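K.L.:
Coordinates in target.cif, mmCIF, C-alpha atoms, are listed below.
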```
data_model
#
loop_
_atom_site.group_PDB
_atom_site.id
_atom_site.type_symbol
_atom_site.label_atom_id
_atom_site.label_comp_id
_atom_site.auth_asym_id
_atom_site.auth_seq_id
_atom_site.Cartn_x
_atom_site.Cartn_y
_atom_site.Cartn_z
ATOM 1 C CA SER A 1 17.530 -33.835 3.585
ATOM 2 C CA GLU A 2 17.844 -30.610 1.560
ATOM 3 C CA LYS A 3 20.138 -29.071 4.148
ATOM 4 C CA ILE A 4 22.258 -32.214 4.250
ATOM 5 C CA SER A 5 22.503 -32.208 0.449
ATOM 6 C CA ARG A 6 23.525 -28.554 0.516
ATOM 7 C CA MET A 7 25.901 -28.525 3.503
ATOM 8 C CA GLY A 8 26.944 -32.161 3.968
ATOM 9 C CA ALA A 9 25.857 -34.640 6.616
ATOM 10 C CA ASP A 10 28.807 -34.072 8.948
ATOM 11 C CA THR A 11 28.257 -30.297 9.051
ATOM 12 C CA VAL A 12 24.540 -30.656 9.798
ATOM 13 C CA ILE A 13 25.131 -33.372 12.405
ATOM 14 C CA ASN A 14 27.711 -31.170 14.159
ATOM 15 C CA GLU A 15 25.247 -28.236 14.183
ATOM 16 C CA ILE A 16 22.559 -30.431 15.743
ATOM 17 C CA LYS A 17 24.986 -31.850 18.317
ATOM 18 C CA ALA A 18 26.013 -28.323 19.368
ATOM 19 C CA GLU A 19 22.379 -27.223 19.652
ATOM 20 C CA VAL A 20 21.260 -30.117 21.870
ATOM 21 C CA ALA A 21 24.452 -30.851 23.831
ATOM 22 C CA GLY A 22 23.588 -31.890 27.375
ATOM 23 C CA ALA A 23 19.838 -31.971 26.696
ATOM 24 C CA HIS A 24 17.394 -34.846 26.900
ATOM 25 C CA VAL A 25 16.446 -35.619 23.291
ATOM 26 C CA HIS A 26 13.529 -37.308 21.537
ATOM 27 C CA PHE A 27 14.007 -38.348 17.909
ATOM 28 C CA SER A 28 10.991 -38.579 15.653
ATOM 29 C CA VAL A 29 12.080 -40.189 12.405
ATOM 30 C CA ASP A 30 9.630 -39.647 9.542
ATOM 31 C CA ALA A 31 9.789 -42.282 6.779
ATOM 32 C CA ASP A 32 8.844 -39.589 4.243
ATOM 33 C CA GLY A 33 12.312 -38.080 4.690
ATOM 34 C CA PHE A 34 14.081 -41.210 3.452
ATOM 35 C CA ASP A 35 15.069 -41.728 -0.148
ATOM 36 C CA PRO A 36 12.524 -44.064 -1.837
ATOM 37 C CA ILE A 37 15.354 -46.557 -2.426
ATOM 38 C CA TYR A 38 15.273 -47.217 1.326
ATOM 39 C CA ALA A 39 11.636 -46.547 2.249
ATOM 40 C CA PRO A 40 9.373 -46.910 -0.792
ATOM 41 C CA SER A 41 6.142 -47.300 1.215
ATOM 42 C CA THR A 42 5.571 -43.660 2.057
ATOM 43 C CA GLY A 43 3.000 -41.185 0.840
ATOM 44 C CA VAL A 44 5.555 -38.524 -0.078
ATOM 45 C CA LYS A 45 8.580 -39.685 -2.032
ATOM 46 C CA VAL A 46 11.701 -37.529 -1.531
ATOM 47 C CA SER A 47 14.375 -37.855 -4.221
ATOM 48 C CA ASP A 48 17.830 -37.612 -2.714
ATOM 49 C CA GLY A 49 16.285 -38.214 0.690
ATOM 50 C CA LEU A 50 18.053 -39.524 3.758
ATOM 51 C CA SER A 51 19.766 -42.876 4.013
ATOM 52 C CA PRO A 52 19.542 -45.160 7.052
ATOM 53 C CA GLN A 53 23.283 -44.662 7.511
ATOM 54 C CA ILE A 54 22.934 -40.880 7.897
ATOM 55 C CA VAL A 55 20.054 -41.199 10.367
ATOM 56 C CA SER A 56 21.952 -43.834 12.356
ATOM 57 C CA LYS A 57 25.042 -41.626 12.429
ATOM 58 C CA LEU A 58 22.954 -38.645 13.599
ATOM 59 C CA VAL A 59 21.379 -40.602 16.459
ATOM 60 C CA ASN A 60 24.704 -42.130 17.505
ATOM 61 C CA GLU A 61 26.589 -38.830 17.350
ATOM 62 C CA VAL A 62 23.919 -36.950 19.320
ATOM 63 C CA ALA A 63 23.961 -39.735 21.926
ATOM 64 C CA LEU A 64 27.638 -38.964 22.595
ATOM 65 C CA THR A 65 26.832 -35.497 23.971
ATOM 66 C CA SER A 66 23.143 -35.739 24.953
ATOM 67 C CA VAL A 67 20.683 -38.127 26.578
ATOM 68 C CA VAL A 68 18.504 -39.805 23.954
ATOM 69 C CA ARG A 69 15.308 -40.541 25.888
ATOM 70 C CA SER A 70 13.143 -41.911 23.098
ATOM 71 C CA LEU A 71 12.862 -42.488 19.377
ATOM 72 C CA ASP A 72 9.869 -43.140 17.175
ATOM 73 C CA PHE A 73 9.487 -43.971 13.513
ATOM 74 C CA VAL A 74 6.411 -42.562 11.797
ATOM 75 C CA GLU A 75 4.633 -42.208 8.460
ATOM 76 C CA LEU A 76 5.295 -45.670 7.061
ATOM 77 C CA ASN A 77 2.190 -46.527 5.018
ATOM 78 C CA PRO A 78 1.513 -50.279 4.778
ATOM 79 C CA GLN A 79 -1.422 -49.666 2.428
ATOM 80 C CA ILE A 80 0.925 -48.782 -0.418
ATOM 81 C CA PHE A 81 3.316 -51.731 -0.128
ATOM 82 C CA GLN A 82 4.203 -53.132 -3.516
ATOM 83 C CA GLN A 83 5.848 -56.164 -1.941
ATOM 84 C CA THR A 84 6.780 -57.261 1.561
ATOM 85 C CA THR A 85 10.325 -55.913 1.172
ATOM 86 C CA ASP A 86 8.922 -52.391 0.678
ATOM 87 C CA VAL A 87 8.516 -51.796 4.403
ATOM 88 C CA PHE A 88 12.100 -50.656 4.772
ATOM 89 C CA ARG A 89 15.042 -51.766 2.665
#
```
Can the structure in the file be given as structure tokens, please?

P.N.:
Amino acid sequence: SEKISRMGADTVINEIKAEVAGAHVHFSVDADGFDPIYAPSTGVKVSDGLSPQIVSKLVNEVALTSVVRSLDFVELNPQIFQQTTDVFR
């Protein structure tokens, strides 16, 4: 998220697309990288973290030039839920 804040989402997404063009890709999405507004139930809160829209755009854009084989979502911590809506907003 720091690189996206510094360079802009579109620039970073284009760099990633160029790097993995034509490859088979696995995405591992870590909830700790999201802004706490969107994913409050994580152990490490990241101010100015990623939004679901940026991650969705990244996956969709990479899928245009690569083969997305799998995706997982990790590090969500149900033990620190404040309320049921804290899973992912």

K.L.:
What's around Leu64 (chain A) at 10 Å? Count only C-alpha atoms, leave out sequence neighbours fewer than 3 positions away in its own chain, and write the answer as a CSV table (one decimal) with C-alpha atoms, keeping the file's coordinate frame.

P.N.:
```csv
chain,number,residue,atom,x,y,z
A,17,LYS,CA,25.0,-31.8,18.3
A,21,ALA,CA,24.5,-30.9,23.8
A,22,GLY,CA,23.6,-31.9,27.4
A,59,VAL,CA,21.4,-40.6,16.5
A,60,ASN,CA,24.7,-42.1,17.5
A,61,GLU,CA,26.6,-38.8,17.4
A,67,VAL,CA,20.7,-38.1,26.6
A,68,VAL,CA,18.5,-39.8,24.0
```

K.L.:
Name the closest residue to Gly33 (chain A) among the candidates A:Thr11, A:Val20, A:Lys3, A:Gln79; distances are taken between atoms, counting all atoms listed in the file.

P.N.:
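Ranked by minimum distance to Gly33 (chain A), first place goes to A:Lys3.
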
K.L.:
When the PyMOL selection byres ((chain A and resi 43) around 7) is applied to the structure above, which residues does it catch, written out as a list in words?

P.N.:
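Taken over the shown coordinates, the PyMOL selection byres ((chain A and resi 43) around 7) returns Asp32, Ser41, Thr42, Val44, Lys45 and Asn77 of chain A.
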
K.L.:
For each of A:Ala9, A:Ile54, A:Val74, A:Ile16, take the minimum atom-to-atom distance to Asp35 (chain A), counting all atoms listed in the file, then give the residue where this is smallest.

P.N.:
A:Ile54

K.L.:
Given 8 Å of margin on each side, can you work out the centre and size in Å (one decimal) of an axis-aligned box holding every listed atom of region 9-22 of chain A, as lines of an AutoDock Vina configuration file?

P.N.:
```
center_x = 25.0
center_y = -30.9
center_z = 17.0
size_x = 23.5
size_y = 23.4
size_z = 36.8
```

K.L.:
Work out how far CA of Phe34 (chain A) is from CA of Gly8 (chain A), in Å to one decimal.

P.N.:
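Interatomic distance here is 15.7 Å.
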
K.L.:
Taking the file above as input, evaluate the PyMOL selection byres ((chain A and resi 26) around 10) and report the hits as a PDB file with C-alpha atoms, in the coordinates of the input.

P.N.:
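And here's expr-v4.pdb as it stands now:
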```pdb
ATOM      1  CA  ALA A  23      19.838 -31.971  26.696  1.00  0.00           C
ATOM      2  CA  HIS A  24      17.394 -34.846  26.900  1.00  0.00           C
ATOM      3  CA  VAL A  25      16.446 -35.619  23.291  1.00  0.00           C
ATOM      4  CA  PHE A  27      14.007 -38.348  17.909  1.00  0.00           C
ATOM      5  CA  SER A  28      10.991 -38.579  15.653  1.00  0.00           C
ATOM      6  CA  VAL A  29      12.080 -40.189  12.405  1.00  0.00           C
ATOM      7  CA  VAL A  59      21.379 -40.602  16.459  1.00  0.00           C
ATOM      8  CA  VAL A  67      20.683 -38.127  26.578  1.00  0.00           C
ATOM      9  CA  VAL A  68      18.504 -39.805  23.954  1.00  0.00           C
ATOM     10  CA  ARG A  69      15.308 -40.541  25.888  1.00  0.00           C
ATOM     11  CA  SER A  70      13.143 -41.911  23.098  1.00  0.00           C
ATOM     12  CA  LEU A  71      12.862 -42.488  19.377  1.00  0.00           C
ATOM     13  CA  ASP A  72       9.869 -43.140  17.175  1.00  0.00           C
TER      14      ASP A  72
END
```

K.L.:
Quick one, how far is CA of Ser51 (chain A) from CA of Asn14 (chain A)?

P.N.:
17.4 Å

K.L.:
From the list A:Met7, A:Leu58, A:Leu50, A:Ala39, which residue is nearest Leu76 (chain A) when using only C-alpha atoms?

P.N.:
A:Ala39

K.L.:
Given the choices A:Thr65, A:Pro52, A:Ser47, A:Phe73, which gets closest to Glu2 (chain A) if the distance is worked out from all atoms listed in the file?

P.N.:
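Ranking A:Thr65, A:Pro52, A:Ser47, A:Phe73 by distance to Glu2 (chain A), first place goes to A:Ser47.
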
K.L.:
Identify which of the residues A:Gly49, A:Glu75, A:Lys57, A:Ser66 lies closest to Ile4 (chain A), counting all atoms listed in the file when measuring atom-to-atom distances.

P.N.:
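Comparing A:Gly49, A:Glu75, A:Lys57, A:Ser66 against Ile4 (chain A), the winner is A:Gly49.
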
K.L.:
What is the CA of Ala31 (chain A) to CA of Glu19 (chain A) distance in Å?

P.N.:
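We find that CA of Ala31 (chain A) and CA of Glu19 (chain A) lie 23.5 Å from each other.
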
K.L.:
Counting only C-alpha atoms, which of A:Ala18, A:Val55, A:Tyr38, A:Asp48 gets nearest to Arg6 (chain A)?

P.N.:
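Selected residue with least distance to Arg6 (chain A): A:Asp48.
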